[in-house]
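Colleague: Would you mind keeping the following structure in view while I ask a few things?
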Amino acid sequence: MQTIRHSEQTLKTALISKNPVLVSQYEKLDAGEQRLMNEAFQPTSGLFGPITLHSQSDWITSHPEAPQDFEQFFSDPYRKTPSPEKRSIYIQSIGSLGNTRIISEEYIKWLKGYCEAFFYGLTVKLLEPVPVSATRCSFRVNDNTQNLQIHAGDILKYLKKKKPEDAFCVVGITMIDLYPRDSWNFVFGQASLTDGTSEMD
């Protein structure tokens, strides 16, 4: 078993930055928000606990990526940021998320609350749930699991068409398996950074 930890320097990058834009943004935070930031970026914070790898098949082991610190993330020219006109996250549920309508609604309410806390400052809105048939996506039955699977790329196209004008992004949620292409067994989710759409199962 392997454990990956962020270095103390990596965690403090956001707070010790000399980048004038970041410094300005930090200074605009109220006292409570600054305290949360200071706590969040301490090495002992529960928000940045070590990542434990259980096997060689874990994604981070089998798909190594170059590390990225906060400065690199902040300066990335492809990073999309909310604007006054586009600062809403929309959640689109696709198909049933539980055994009953009430369970599905409770699940979506929980997810909405989590997004509001995690993406502090953005508005989270719920789109009317739709059945899978409304997406007109391709589907298949997986040869190994015999589970119904829907094509992730088709869902992204559907979400792009439904994206409201004030949306920073729209996220599709489904309990049905996804597959990105015929040669893949399945995928947990897929996103389009340029279109501001993503879906996950």
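In the structure tokens, each chain is lettered A, B, ... as it comes, each chain's residues begin at 1, and ligands are numbered from 1 in order of appearance.
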List the neighbours of range 129-142 of chain A out to 7 Å using only C-alpha atoms; skip same-chain residues closer than 6 positions along the sequence, and give me the result as a ChimeraX atom specification.
Modeller: /A:92-95,148-151,154-155,158
Colleague: So that I have them on file, write out the residues from the current selection with N, CA and C atoms, as a compact mmCIF listing (two decimals), in the first residue's frame.
Modeller:
# COMPACT_ATOMS: atom_id res chain seq x y z
N GLN A 92 -28.46 18.48 -13.52
CA GLN A 92 -29.49 17.81 -14.32
C GLN A 92 -29.48 16.33 -13.99
N SER A 93 -30.52 15.84 -13.31
CA SER A 93 -30.60 14.41 -13.05
C SER A 93 -31.22 13.72 -14.27
N ILE A 94 -30.62 12.57 -14.61
CA ILE A 94 -31.04 11.81 -15.78
C ILE A 94 -31.44 10.41 -15.33
N GLY A 95 -32.70 10.08 -15.49
CA GLY A 95 -33.17 8.78 -15.02
C GLY A 95 -33.36 8.80 -13.51
N LEU A 148 -27.16 -2.00 -18.53
CA LEU A 148 -27.41 -0.99 -19.55
C LEU A 148 -26.38 0.12 -19.39
N GLN A 149 -25.83 0.59 -20.50
CA GLN A 149 -24.87 1.69 -20.48
C GLN A 149 -25.29 2.73 -21.52
N ILE A 150 -25.09 4.02 -21.15
CA ILE A 150 -25.40 5.09 -22.09
C ILE A 150 -24.13 5.81 -22.49
N HIS A 151 -24.13 6.34 -23.70
CA HIS A 151 -22.93 6.95 -24.28
C HIS A 151 -22.66 8.32 -23.66
N ASP A 154 -22.75 11.49 -25.97
CA ASP A 154 -24.11 11.91 -26.33
C ASP A 154 -24.76 12.71 -25.20
N ILE A 155 -24.49 12.31 -23.95
CA ILE A 155 -25.03 13.04 -22.81
C ILE A 155 -24.45 14.45 -22.76
N TYR A 158 -26.23 16.60 -25.18
CA TYR A 158 -27.56 16.94 -24.66
C TYR A 158 -27.46 18.07 -23.63
Colleague: Do a neighbour search on Glu85 in chain A at 10 Å with only C-alpha atoms, toss out local chain neighbours closer than 5 positions, and write the hits as an MDAnalysis selection string.
Modeller: chainID A and resid 165:168
Colleague: Write to file, as a compact mmCIF listing (two decimals), in the first residue's frame, the residues of the selection just made, with C-alpha atoms.
Modeller:
# COMPACT_ATOMS: atom_id res chain seq x y z
CA GLU A 165 -27.65 31.45 -20.36
CA ASP A 166 -26.48 32.21 -16.81
CA ALA A 167 -24.78 28.83 -16.34
CA PHE A 168 -21.12 28.58 -15.43
Colleague: May I have all residues of range 22-90 of chain A that DSSP, computed from the backbone, assigns to strand (DSSP E or B), given as a VMD selection string?
Modeller: chain A and resid 51 to 53 88 to 90
Colleague: Please write the residues from the selection above to a file, keeping C-alpha atoms, as a PDB file, in the first residue's frame.
Modeller:
ATOM      1  CA  ILE A  51      -4.248   9.683  -0.599  1.00  0.00           C
ATOM      2  CA  THR A  52      -3.975   5.956   0.081  1.00  0.00           C
ATOM      3  CA  LEU A  53      -3.434   3.712  -2.929  1.00  0.00           C
ATOM      4  CA  SER A  88     -24.690  29.349 -11.589  1.00  0.00           C
ATOM      5  CA  ILE A  89     -24.034  25.615 -11.434  1.00  0.00           C
ATOM      6  CA  TYR A  90     -26.948  23.604 -12.807  1.00  0.00           C
TER       7      TYR A  90
END
Colleague: Considering only C-alpha atoms, can you say which of A:Glu71, A:Asp177, A:Asp182, A:Glu65 comes closest to Met200 in chain A?
Modeller: A:Asp177
Colleague: DSSP on the backbone: which residues in range 158-200 of chain A end up as helix (DSSP H, G or I)? Give the answer as a short mmCIF file (atom, residue, chain, number, x, y, z; two decimals) with N, CA, C and O atoms, in the first residue's frame.
Modeller:
data_model
loop_
_atom_site.label_atom_id
_atom_site.label_comp_id
_atom_site.auth_asym_id
_atom_site.auth_seq_id
_atom_site.Cartn_x
_atom_site.Cartn_y
_atom_site.Cartn_z
N TYR A 158 -26.23 16.60 -25.18
CA TYR A 158 -27.56 16.94 -24.66
C TYR A 158 -27.46 18.07 -23.63
O TYR A 158 -28.23 19.03 -23.67
N LEU A 159 -26.49 17.96 -22.72
CA LEU A 159 -26.32 18.98 -21.68
C LEU A 159 -25.94 20.32 -22.27
O LEU A 159 -26.38 21.38 -21.80
N LYS A 160 -25.13 20.31 -23.32
CA LYS A 160 -24.73 21.55 -23.97
C LYS A 160 -25.95 22.28 -24.54
O LYS A 160 -26.08 23.51 -24.42
N LYS A 161 -26.88 21.53 -25.13
CA LYS A 161 -28.10 22.13 -25.68
C LYS A 161 -29.00 22.71 -24.59
O LYS A 161 -29.70 23.69 -24.81
N LYS A 162 -28.98 22.10 -23.41
CA LYS A 162 -29.86 22.52 -22.32
C LYS A 162 -29.23 23.56 -21.41
O LYS A 162 -29.89 24.06 -20.49
#
Colleague: Counting only C-alpha atoms, which residue out of A:Ala66, A:Val21, A:Leu29, A:Ile103 sits closest to Gly121 in chain A?
Modeller: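 With only C-alpha atoms as the atom set, the closest residue is A:Leu29.
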Colleague: For range 106-120 of chain A, find every residue with an atom within 12 Å (counting only C-alpha atoms), except residues of its own chain fewer than 5 positions away, and show them as a PyMOL selection string.
Modeller: chain A and resi 33+36+47+81-82+87-94+96-101+125-129+168-169+171-175
Colleague: How many Å separate CA of Tyr78 in chain A from CA of Thr197 in chain A?
Modeller: 14.8 Å
